[in-house]
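upload.csv follows; it contains CSV, C-alpha atoms.
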```csv
chain,number,residue,atom,x,y,z
N,1,MET,CA,24.4,1.9,8.1
N,2,SER,CA,21.2,1.0,10.0
N,3,VAL,CA,19.9,-2.4,9.1
N,4,THR,CA,16.2,-3.3,9.2
N,5,THR,CA,15.7,-7.0,9.8
N,6,GLY,CA,12.3,-8.6,9.2
N,7,PHE,CA,10.9,-11.6,11.2
N,8,ILE,CA,8.3,-13.9,9.8
N,9,CYS,CA,6.5,-16.5,11.9
N,10,ASP,CA,2.9,-17.8,12.3
N,11,GLU,CA,1.2,-19.7,15.1
N,12,GLY,CA,-0.1,-22.1,12.5
N,13,TYR,CA,3.5,-23.3,11.8
N,14,PHE,CA,3.4,-24.9,15.3
N,15,TRP,CA,0.2,-26.8,14.5
N,16,HIS,CA,1.7,-29.1,11.9
N,17,GLN,CA,1.5,-32.5,13.5
N,18,THR,CA,4.2,-35.1,13.0
N,19,GLY,CA,2.9,-37.7,15.5
N,20,ASN,CA,4.5,-39.6,18.4
N,21,GLY,CA,7.4,-41.2,16.6
N,22,ALA,CA,10.9,-41.6,17.8
N,23,LEU,CA,13.5,-39.4,16.1
N,24,ASN,CA,12.6,-39.7,12.4
N,25,LEU,CA,10.5,-42.9,12.6
N,26,SER,CA,6.9,-43.6,13.3
N,27,SER,CA,6.1,-45.5,16.5
N,28,GLY,CA,4.9,-49.0,16.4
N,29,GLY,CA,6.4,-52.5,16.5
N,30,TRP,CA,9.6,-52.3,18.6
N,31,ILE,CA,9.6,-48.5,18.5
N,32,GLN,CA,7.9,-47.1,21.6
N,33,ALA,CA,6.1,-43.8,21.2
N,34,ASP,CA,8.2,-40.7,21.8
N,35,THR,CA,8.4,-37.2,20.6
N,36,HIS,CA,9.1,-37.0,16.8
N,37,ALA,CA,12.4,-35.1,16.0
N,38,GLU,CA,10.6,-32.6,13.8
N,39,ASN,CA,8.2,-31.2,16.4
N,40,PRO,CA,7.1,-27.6,17.0
N,41,GLU,CA,9.2,-27.0,20.1
N,42,THR,CA,12.5,-26.0,18.6
N,43,LYS,CA,10.7,-23.3,16.6
N,44,ARG,CA,8.3,-22.3,19.3
N,45,ARG,CA,11.1,-21.9,21.8
N,46,ALA,CA,13.1,-19.8,19.3
N,47,ARG,CA,10.2,-17.4,19.0
N,48,ASN,CA,9.8,-17.5,22.8
N,49,LEU,CA,13.4,-16.6,23.4
N,50,LEU,CA,13.2,-13.6,21.0
N,51,GLU,CA,10.1,-12.4,23.0
N,52,ARG,CA,11.5,-13.2,26.5
N,53,THR,CA,14.7,-11.3,25.8
N,54,GLY,CA,13.0,-8.3,24.2
N,55,PHE,CA,15.1,-8.8,21.0
N,56,MET,CA,11.8,-9.2,19.1
N,57,ASP,CA,11.5,-5.4,19.5
N,58,GLU,CA,14.6,-5.0,17.3
N,59,LEU,CA,12.9,-6.8,14.4
N,60,LYS,CA,10.1,-5.8,12.0
N,61,GLN,CA,7.4,-8.5,12.3
N,62,ILE,CA,5.8,-9.3,9.0
N,63,ALA,CA,2.7,-11.5,8.6
N,64,PRO,CA,3.2,-14.3,6.1
N,65,ARG,CA,0.7,-14.9,3.3
N,66,SER,CA,-0.2,-18.3,1.9
N,67,ALA,CA,1.4,-19.4,-1.3
N,68,THR,CA,-1.0,-20.1,-4.2
N,69,CYS,CA,-1.2,-23.5,-5.9
N,70,GLU,CA,0.3,-21.9,-9.0
N,71,GLU,CA,3.2,-20.7,-7.0
N,72,ILE,CA,3.8,-24.1,-5.4
N,73,GLY,CA,3.5,-25.5,-9.0
N,74,MET,CA,6.6,-23.6,-10.0
N,75,ASN,CA,8.5,-26.4,-8.3
N,76,HIS,CA,6.1,-29.3,-7.8
N,77,GLY,CA,3.7,-31.2,-10.0
N,78,THR,CA,0.0,-30.9,-9.8
N,79,ALA,CA,-0.5,-34.6,-8.9
N,80,TYR,CA,1.9,-34.2,-6.0
N,81,ILE,CA,0.2,-31.0,-4.7
N,82,ASP,CA,-3.2,-32.8,-4.9
N,83,ARG,CA,-1.8,-35.7,-3.0
N,84,ILE,CA,-0.6,-33.5,-0.1
N,85,LYS,CA,-4.1,-31.9,0.0
N,86,LYS,CA,-5.9,-35.3,0.0
N,87,LEU,CA,-3.7,-36.7,2.7
N,88,SER,CA,-4.2,-33.6,4.8
N,89,ASP,CA,-8.0,-33.6,4.3
N,90,ALA,CA,-8.1,-37.3,5.3
N,91,GLY,CA,-6.3,-36.6,8.6
N,92,GLY,CA,-2.7,-37.4,7.5
N,93,GLY,CA,-0.4,-40.0,6.0
N,94,ASP,CA,3.0,-40.2,4.4
N,95,ALA,CA,4.1,-38.1,1.4
N,96,GLY,CA,7.5,-39.8,1.0
N,97,VAL,CA,10.4,-41.0,3.1
N,98,HIS,CA,10.1,-39.5,6.6
N,99,ALA,CA,7.6,-36.9,5.2
N,100,ILE,CA,4.6,-36.9,7.5
N,101,VAL,CA,1.4,-35.1,6.6
N,102,GLY,CA,-1.0,-34.4,9.5
N,103,PRO,CA,-4.5,-32.8,9.6
N,104,ASP,CA,-4.5,-29.3,8.2
N,105,THR,CA,-0.8,-29.7,7.0
N,106,TYR,CA,-1.7,-28.7,3.5
N,107,GLU,CA,-2.8,-25.2,4.5
N,108,ILE,CA,0.1,-24.9,7.0
N,109,ALA,CA,2.6,-25.9,4.3
N,110,LEU,CA,1.1,-23.3,1.9
N,111,LYS,CA,1.7,-20.6,4.5
N,112,SER,CA,5.2,-22.0,5.2
N,113,ALA,CA,6.1,-21.5,1.6
N,114,GLY,CA,4.2,-18.3,1.6
N,115,GLY,CA,6.4,-17.0,4.5
N,116,VAL,CA,9.5,-17.2,2.3
N,117,LEU,CA,7.6,-15.7,-0.6
N,118,THR,CA,6.6,-12.8,1.7
N,119,SER,CA,10.3,-12.5,2.6
N,120,VAL,CA,11.2,-12.1,-1.1
N,121,GLU,CA,8.7,-9.4,-1.5
N,122,ALA,CA,9.8,-7.6,1.6
N,123,VAL,CA,13.5,-7.4,0.7
N,124,MET,CA,13.0,-6.8,-3.1
N,125,GLU,CA,10.5,-3.9,-2.4
N,126,GLY,CA,12.8,-2.3,0.2
N,127,LYS,CA,10.5,-2.9,3.2
N,128,VAL,CA,13.4,-4.5,5.1
N,129,GLN,CA,17.0,-5.3,4.2
N,130,ASN,CA,17.0,-8.9,5.4
N,131,VAL,CA,14.6,-11.4,6.9
N,132,TYR,CA,14.6,-14.4,9.1
N,133,ALA,CA,11.6,-16.7,8.2
N,134,LEU,CA,10.9,-19.1,11.0
N,135,VAL,CA,8.8,-21.3,8.9
N,136,ARG,CA,7.5,-24.9,9.3
N,137,PRO,CA,7.3,-27.5,7.8
N,138,PRO,CA,10.8,-27.1,6.3
N,139,GLY,CA,11.5,-27.6,2.6
N,140,HIS,CA,15.0,-28.4,1.3
N,141,HIS,CA,14.6,-32.2,1.0
N,142,ALA,CA,11.3,-31.9,-0.9
N,143,GLU,CA,11.6,-33.2,-4.5
N,144,PRO,CA,9.3,-32.1,-7.3
N,145,GLU,CA,7.1,-35.2,-7.0
N,146,GLU,CA,8.0,-36.5,-3.5
N,147,GLY,CA,8.2,-35.4,0.1
N,148,MET,CA,11.3,-36.4,2.0
N,149,GLY,CA,13.1,-35.7,5.3
N,150,PHE,CA,10.2,-33.8,7.1
N,151,CYS,CA,9.8,-31.6,4.0
N,152,LEU,CA,6.7,-31.3,1.8
N,153,PHE,CA,7.0,-28.2,-0.4
N,154,ASN,CA,10.5,-26.8,-1.1
N,155,ASN,CA,10.1,-23.3,0.4
N,156,VAL,CA,13.4,-21.8,-0.7
N,157,ALA,CA,13.3,-23.3,-4.2
N,158,ILE,CA,9.8,-22.0,-4.8
N,159,ALA,CA,10.9,-18.6,-3.5
N,160,ALA,CA,14.0,-18.5,-5.7
N,161,LYS,CA,11.9,-19.3,-8.8
N,162,TYR,CA,9.3,-16.7,-7.8
N,163,ALA,CA,12.1,-14.0,-7.3
N,164,ARG,CA,13.4,-14.8,-10.8
N,165,ARG,CA,10.0,-14.7,-12.4
N,166,ARG,CA,8.6,-11.6,-10.7
N,167,TYR,CA,11.7,-9.5,-10.3
N,168,GLY,CA,13.8,-10.7,-13.3
N,169,LEU,CA,16.8,-11.7,-11.3
N,170,LYS,CA,19.6,-13.6,-13.1
N,171,ARG,CA,22.0,-14.5,-10.3
N,172,ILE,CA,20.4,-16.0,-7.1
N,173,LEU,CA,22.5,-17.8,-4.5
N,174,ILE,CA,21.1,-20.5,-2.2
N,175,LEU,CA,23.6,-21.4,0.6
N,176,ASP,CA,22.4,-24.5,2.5
N,177,TRP,CA,24.3,-25.1,5.8
N,178,ASP,CA,21.8,-27.7,7.2
N,179,VAL,CA,23.7,-30.7,8.4
N,180,HIS,CA,21.9,-32.7,5.7
N,181,HIS,CA,22.4,-32.2,2.0
N,182,GLY,CA,19.7,-30.1,0.3
N,183,ASN,CA,18.8,-32.7,-2.3
N,184,GLY,CA,15.5,-31.2,-3.3
N,185,THR,CA,17.0,-27.8,-3.9
N,186,GLU,CA,19.8,-29.4,-5.9
N,187,THR,CA,17.3,-31.1,-8.1
N,188,ALA,CA,15.3,-27.9,-8.6
N,189,PHE,CA,18.3,-26.1,-10.1
N,190,GLU,CA,20.7,-28.7,-11.4
N,191,ASN,CA,20.2,-27.6,-15.0
N,192,ASP,CA,20.2,-23.9,-14.1
N,193,SER,CA,22.9,-21.2,-14.2
N,194,ASP,CA,20.6,-18.5,-12.8
N,195,VAL,CA,20.8,-20.1,-9.4
N,196,LEU,CA,24.0,-21.0,-7.6
N,197,PHE,CA,23.4,-23.8,-5.1
N,198,ILE,CA,26.1,-24.3,-2.4
N,199,SER,CA,25.5,-27.1,0.2
N,200,VAL,CA,27.8,-27.5,3.2
N,201,HIS,CA,26.8,-30.7,4.9
N,202,GLN,CA,28.0,-33.7,6.9
N,203,GLU,CA,29.3,-36.5,4.8
N,204,HIS,CA,27.6,-39.9,4.7
N,205,ILE,CA,24.3,-38.8,6.2
N,206,PHE,CA,20.7,-38.4,5.0
N,207,PRO,CA,19.8,-38.6,2.2
N,208,LYS,CA,21.8,-41.6,1.1
N,209,GLY,CA,23.5,-41.2,-2.2
N,210,ARG,CA,23.2,-37.4,-2.5
N,211,GLY,CA,25.6,-34.5,-1.9
N,212,ASP,CA,28.7,-36.0,-3.4
N,213,ILE,CA,31.4,-33.4,-4.1
N,214,THR,CA,31.8,-34.7,-7.6
N,215,TYR,CA,28.3,-33.7,-8.7
N,216,THR,CA,28.4,-30.2,-10.1
N,217,GLY,CA,25.1,-30.0,-12.0
N,218,LYS,CA,24.3,-30.7,-15.6
N,219,GLY,CA,23.6,-29.0,-18.9
N,220,GLN,CA,23.5,-25.2,-18.4
N,221,GLY,CA,23.8,-25.8,-14.7
N,222,GLU,CA,27.1,-27.5,-14.7
N,223,GLY,CA,29.5,-25.7,-12.4
N,224,TYR,CA,26.6,-24.0,-10.5
N,225,ASN,CA,26.2,-26.8,-8.0
N,226,VAL,CA,28.7,-26.9,-5.2
N,227,ASN,CA,28.7,-29.7,-2.7
N,228,ILE,CA,31.1,-29.5,0.3
N,229,GLU,CA,31.1,-32.7,2.5
N,230,LEU,CA,32.6,-32.2,5.9
N,231,PRO,CA,33.6,-35.1,8.3
N,232,ALA,CA,31.6,-35.7,11.4
N,233,GLY,CA,32.9,-33.7,14.3
N,234,THR,CA,33.6,-30.6,12.3
N,235,GLY,CA,33.2,-27.4,14.4
N,236,ASN,CA,33.4,-23.7,14.0
N,237,GLU,CA,37.0,-23.6,12.7
N,238,GLY,CA,36.3,-26.3,10.1
N,239,TYR,CA,33.2,-24.5,8.8
N,240,LEU,CA,35.0,-21.1,8.7
N,241,TYR,CA,37.9,-22.8,6.8
N,242,ALA,CA,35.4,-24.1,4.2
N,243,PHE,CA,34.1,-20.5,3.9
N,244,ASP,CA,37.6,-19.1,3.5
N,245,GLN,CA,38.7,-21.7,0.9
N,246,LEU,CA,35.5,-22.3,-1.1
N,247,VAL,CA,32.2,-20.6,-0.1
N,248,GLU,CA,33.3,-17.0,0.0
N,249,PRO,CA,35.6,-17.0,-3.1
N,250,ILE,CA,32.8,-18.6,-5.2
N,251,ILE,CA,30.2,-16.2,-4.0
N,252,GLU,CA,32.5,-13.2,-4.7
N,253,GLN,CA,32.9,-14.4,-8.3
N,254,TYR,CA,29.2,-15.1,-8.8
N,255,ALA,CA,28.1,-11.7,-7.4
N,256,PRO,CA,24.5,-12.7,-6.5
N,257,GLU,CA,21.6,-10.3,-6.8
N,258,LEU,CA,19.7,-12.0,-4.0
N,259,ILE,CA,20.9,-14.5,-1.3
N,260,PHE,CA,19.0,-17.2,0.5
N,261,ILE,CA,20.3,-19.2,3.4
N,262,SER,CA,18.7,-22.6,4.1
N,263,ALA,CA,19.3,-22.2,7.8
N,264,GLY,CA,19.4,-25.6,9.4
N,265,GLN,CA,20.6,-25.4,13.0
N,266,ASP,CA,21.2,-29.1,13.1
N,267,ALA,CA,24.9,-28.9,12.6
N,268,SER,CA,25.1,-27.8,16.3
N,269,ARG,CA,27.1,-29.7,18.9
N,270,PHE,CA,23.9,-30.8,20.7
N,271,ASP,CA,21.8,-32.0,17.8
N,272,PRO,CA,20.4,-35.5,18.2
N,273,ILE,CA,20.5,-36.4,14.5
N,274,GLY,CA,23.6,-34.7,13.4
N,275,ARG,CA,27.2,-35.2,14.4
N,276,MET,CA,28.8,-31.8,14.0
N,277,LEU,CA,30.1,-29.3,16.6
N,278,LEU,CA,28.9,-25.8,15.6
N,279,THR,CA,28.3,-23.4,18.5
N,280,THR,CA,26.1,-20.4,18.7
N,281,ASP,CA,29.2,-18.3,18.0
N,282,GLY,CA,29.9,-20.3,14.9
N,283,TYR,CA,26.4,-19.6,13.6
N,284,PHE,CA,26.9,-15.9,14.3
N,285,LYS,CA,30.1,-15.8,12.4
N,286,LEU,CA,28.8,-17.7,9.4
N,287,THR,CA,25.8,-15.4,9.2
N,288,ASP,CA,27.8,-12.3,9.6
N,289,ARG,CA,30.1,-13.3,6.7
N,290,VAL,CA,27.1,-14.0,4.4
N,291,LYS,CA,25.6,-10.7,5.4
N,292,LYS,CA,28.7,-8.8,4.4
N,293,LEU,CA,28.7,-10.5,1.0
N,294,ALA,CA,25.0,-9.6,0.6
N,295,GLU,CA,25.8,-5.9,1.4
N,296,LYS,CA,28.6,-6.0,-1.2
N,297,HIS,CA,26.8,-7.7,-4.0
N,298,SER,CA,23.0,-7.9,-3.3
N,299,ASN,CA,22.2,-4.5,-1.9
N,300,GLY,CA,21.9,-6.3,1.5
N,301,ARG,CA,19.1,-8.5,0.2
N,302,LEU,CA,19.4,-11.7,2.3
N,303,ILE,CA,16.7,-14.2,3.4
N,304,ALA,CA,17.4,-16.9,6.0
N,305,ALA,CA,14.7,-19.6,5.9
N,306,HIS,CA,14.5,-22.1,8.8
N,307,GLU,CA,15.2,-25.7,7.9
N,308,GLY,CA,16.3,-28.4,10.3
N,309,GLY,CA,17.5,-28.3,13.9
N,310,TYR,CA,16.3,-30.8,16.6
N,311,SER,CA,17.8,-29.9,19.9
N,312,THR,CA,14.9,-28.2,21.7
N,313,VAL,CA,17.3,-26.6,24.2
N,314,TYR,CA,20.0,-25.4,21.8
N,315,VAL,CA,18.3,-24.5,18.5
N,316,PRO,CA,16.7,-21.4,20.0
N,317,PHE,CA,20.1,-20.0,21.0
N,318,CYS,CA,21.6,-20.8,17.6
N,319,THR,CA,18.7,-19.2,15.9
N,320,LEU,CA,19.0,-16.1,18.1
N,321,ARG,CA,22.6,-15.7,17.1
N,322,VAL,CA,21.7,-16.0,13.4
N,323,ILE,CA,19.1,-13.3,13.8
N,324,GLU,CA,21.5,-11.1,15.8
N,325,ALA,CA,24.0,-11.3,13.0
N,326,LEU,CA,21.3,-10.3,10.5
N,327,ARG,CA,20.3,-7.4,12.7
N,328,GLY,CA,24.0,-6.4,13.4
N,329,LYS,CA,23.3,-6.1,17.1
N,330,HIS,CA,23.8,-8.4,20.1
N,331,SER,CA,21.1,-9.3,22.6
N,332,GLN,CA,22.0,-9.5,26.3
N,333,VAL,CA,21.9,-13.3,26.1
N,334,GLU,CA,25.1,-15.3,26.6
N,335,ASP,CA,25.2,-18.9,25.5
N,336,PRO,CA,24.4,-20.8,28.7
N,337,PHE,CA,25.8,-24.0,27.2
N,338,ASP,CA,29.2,-22.5,26.4
N,339,PHE,CA,31.3,-24.0,29.1
N,340,GLY,CA,33.4,-27.1,29.5
N,341,PHE,CA,33.8,-27.6,25.7
N,342,HIS,CA,36.6,-26.8,23.3
N,343,GLU,CA,35.7,-24.5,20.4
N,344,GLY,CA,36.0,-27.2,17.7
N,345,PRO,CA,39.6,-26.7,16.4
N,346,ILE,CA,40.2,-27.8,12.8
N,347,TYR,CA,42.0,-31.1,12.1
N,348,GLN,CA,44.0,-32.1,9.1
N,349,HIS,CA,41.3,-34.6,7.8
N,350,GLN,CA,38.8,-31.7,7.8
N,351,LYS,CA,41.1,-29.5,5.8
N,352,GLU,CA,41.6,-32.4,3.4
N,353,ALA,CA,37.9,-32.8,2.9
N,354,VAL,CA,37.6,-29.1,2.0
N,355,GLN,CA,40.6,-29.4,-0.4
N,356,LYS,CA,38.9,-32.3,-2.1
N,357,ALA,CA,35.8,-30.2,-2.8
N,358,ALA,CA,38.0,-27.3,-3.9
N,359,ASP,CA,39.9,-29.6,-6.4
N,360,VAL,CA,36.5,-30.3,-8.0
N,361,GLN,CA,35.4,-26.7,-8.1
N,362,LYS,CA,38.7,-25.4,-9.6
N,363,ALA,CA,37.3,-26.5,-13.0
N,364,TYR,CA,34.7,-23.7,-12.7
N,365,TRP,CA,36.0,-21.1,-10.2
N,366,THR,CA,39.2,-19.4,-9.4
N,367,LEU,CA,40.4,-20.8,-6.1
N,368,ILE,CA,43.7,-20.7,-4.2
```

If you took the structure in this file and wrote it as structure tokens, what would it be?
Amino acid sequence: MSVTTGFICDEGYFWHQTGNGALNLSSGGWIQADTHAENPETKRRARNLLERTGFMDELKQIAPRSATCEEIGMNHGTAYIDRIKKLSDAGGGDAGVHAIVGPDTYEIALKSAGGVLTSVEAVMEGKVQNVYALVRPPGHHAEPEEGMGFCLFNNVAIAAKYARRRYGLKRILILDWDVHHGNGTETAFENDSDVLFISVHQEHIFPKGRGDITYTGKGQGEGYNVNIELPAGTGNEGYLYAFDQLVEPIIEQYAPELIFISAGQDASRFDPIGRMLLTTDGYFKLTDRVKKLAEKHSNGRLIAAHEGGYSTVYVPFCTLRVIEALRGKHSQVEDPFDFGFHEGPIYQHQKEAVQKAADVQKAYWTLI
């Protein structure tokens, strides 16, 4: 079956300014000015690689629209939205912990959320089968009334609520494989059985106090929140083991009508603020597995929305592999960094971490 993959990006995404901080902190005091971790280059280079290799010709480019204030309001309060606009109009400021607003950020963030909304419309109306939305700023840390972790509006949460409202969907999956827990998305749906949220993330990392395996949602949402904490140093085999034991069996039982991936490429072996060991091949395999599940349960409807990823040299190649898997076709590009490293074999303590998460989820799902 021929697969049509959409690609959404906008030059404006690269114009969101995060300043001259160091890693995730603002410069000043003892912190000398540097390049902030969440800067445009990882995303710009991903787009450049698609164009340079000619693989962009394999994709259907789709122009993103801007989200409306009403659409943003499906997940965020009016006072918070107004705060982002005022900070943006004033030239910038802080919207929360590590959540920088720059000049014109408000309009850019509306188009970032709008890019994922455009993706929903494209797959639901049959224009494409799946989409990669290379959006910025990212969204999965954004809480209803607070920005966090480089995120201002929760792009995927807004899009999932939009898909439910406009298209009447009752079973939506959000799979978040960013190295950090998707706390904002968890908050958005913790009382909700219409959306299954699965977060596969590194343990004991940002945000502090979130992502524990024992938290499974509350009220009607209990059992529809799945946290899988993996030890630092987990590579391809550990992630695939988590998919085998937990992720895929749960998705099979849920049978989603639409699938989102919060696609953070910061679990790669070269990321400066994560400590995982995924390779480009690992990202390809994870995406391919989710795509097969989408083809089985969701009529192929799958949206990957870009979240984190801070290695300017490696994120483009990881992103390319995700897009190749969506398209079902390889480019001519070999991973230039794939030498001199082992492939991240699985270790016993990694299996035990997955088993601990499985023991919690057995109360809600049939697992081996």

Phe270 (chain N) surroundings by all atoms listed in the file, 10 Å radius, close-in-sequence under 3 positions cut, as a ChimeraX atom specification: /N:265-267,273-279,309-315,337

Using all atoms listed in the file: which of N:Gly211, N:Asn225, N:Gln348, N:Gln61 has the shortest distance to Ala122 (chain N): N:Gln61

Atomic separation - CA of Leu117 (chain N) relative to CA of Gly12 (chain N), Å: 16.5 Å

Contact residues around Gly328 (chain N) with only C-alpha atoms at 12 Å, ignoring same-chain residues under 5 positions, as an NGL selection string: :N and (1-5 or 55 or 58-59 or 129-130 or 284-285 or 287-289 or 291-292 or 320-323)

Write the residues of the preceding selection, restricted to C-alpha atoms, as a CSV table (one decimal), in the frame of the given file.
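Output (selection_10.csv):
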```
chain,number,residue,atom,x,y,z
N,1,MET,CA,24.4,1.9,8.1
N,2,SER,CA,21.2,1.0,10.0
N,3,VAL,CA,19.9,-2.4,9.1
N,4,THR,CA,16.2,-3.3,9.2
N,5,THR,CA,15.7,-7.0,9.8
N,55,PHE,CA,15.1,-8.8,21.0
N,58,GLU,CA,14.6,-5.0,17.3
N,59,LEU,CA,12.9,-6.8,14.4
N,129,GLN,CA,17.0,-5.3,4.2
N,130,ASN,CA,17.0,-8.9,5.4
N,284,PHE,CA,26.9,-15.9,14.3
N,285,LYS,CA,30.1,-15.8,12.4
N,287,THR,CA,25.8,-15.4,9.2
N,288,ASP,CA,27.8,-12.3,9.6
N,289,ARG,CA,30.1,-13.3,6.7
N,291,LYS,CA,25.6,-10.7,5.4
N,292,LYS,CA,28.7,-8.8,4.4
N,320,LEU,CA,19.0,-16.1,18.1
N,321,ARG,CA,22.6,-15.7,17.1
N,322,VAL,CA,21.7,-16.0,13.4
N,323,ILE,CA,19.1,-13.3,13.8
```

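Compared by their closest atoms to Tyr283 (chain N), and using all atoms listed in the file, the residues N:Gly147, N:Gly21, N:Gly300, N:Pro316 rank with N:Pro316 nearest.
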
Within 12 Å of Phe243 (chain N) using only C-alpha atoms, minus same-chain residues under 2 positions, as a ChimeraX atom specification: /N:175,177,198-200,228,230,236-241,245-252,282,285-290,293,351,354-355,357-358,367

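Taking CA of Glu334 (chain N) and CA of Asn48 (chain N) as endpoints, the distance between them is 15.9 Å.
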
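Of note, CA of Asp89 (chain N) and CA of Thr18 (chain N) are spaced 15.1 Å apart.
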
Distance query region 26-33 of chain N at most 12 Å, all atoms listed in the file, self and fewer than 5 positions along chain excluded, as number ranges by chain: N: 18-21, 38, 93-94, 97-100

File dump, residues just selected, C-alpha atoms, as a PDB file, keeping the file's coordinate frame:
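Heads up, here's the output in again.pdb:
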```pdb
ATOM      1  CA  THR N  18       4.200 -35.100  13.000  1.00  0.00           C
ATOM      2  CA  GLY N  19       2.900 -37.700  15.500  1.00  0.00           C
ATOM      3  CA  ASN N  20       4.500 -39.600  18.400  1.00  0.00           C
ATOM      4  CA  GLY N  21       7.400 -41.200  16.600  1.00  0.00           C
ATOM      5  CA  GLU N  38      10.600 -32.600  13.800  1.00  0.00           C
ATOM      6  CA  GLY N  93      -0.400 -40.000   6.000  1.00  0.00           C
ATOM      7  CA  ASP N  94       3.000 -40.200   4.400  1.00  0.00           C
ATOM      8  CA  VAL N  97      10.400 -41.000   3.100  1.00  0.00           C
ATOM      9  CA  HIS N  98      10.100 -39.500   6.600  1.00  0.00           C
ATOM     10  CA  ALA N  99       7.600 -36.900   5.200  1.00  0.00           C
ATOM     11  CA  ILE N 100       4.600 -36.900   7.500  1.00  0.00           C
TER      12      ILE N 100
END
```

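In this comparison, which uses only C-alpha atoms, the residue of N:Asp104, N:Glu190, N:Glu222, N:Glu71 approaching Tyr162 (chain N) most closely is N:Glu71.
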
Contacts of His297 (chain N) at 7 Å (all atoms listed in the file; same-chain gap of 3+ positions) as a list of chain:residue names: N:Ala255, N:Pro256, N:Glu257, N:Leu293, N:Ala294

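Counting all atoms listed in the file, the residue from N:Gly102, N:Arg136, N:Val360, N:His349 that sits nearest to Thr216 (chain N) is N:Val360.
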
Nearest to Gln17 (chain N) by atom-to-atom distance, counting all atoms listed in the file, from N:His36, N:Arg47, N:Lys85, N:Lys170: N:His36

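Residue nearest Ile303 (chain N) within the list N:Asp10, N:Glu51, N:Asp176, N:Glu145: N:Asp176 [criterion: smallest interatomic distance, all atoms listed in the file].
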
Neighbour residues at most 6 Å from (6.0, -32.6, -10.7) (all atoms listed in the file) as a ChimeraX atom specification: /N:76-77,144-145
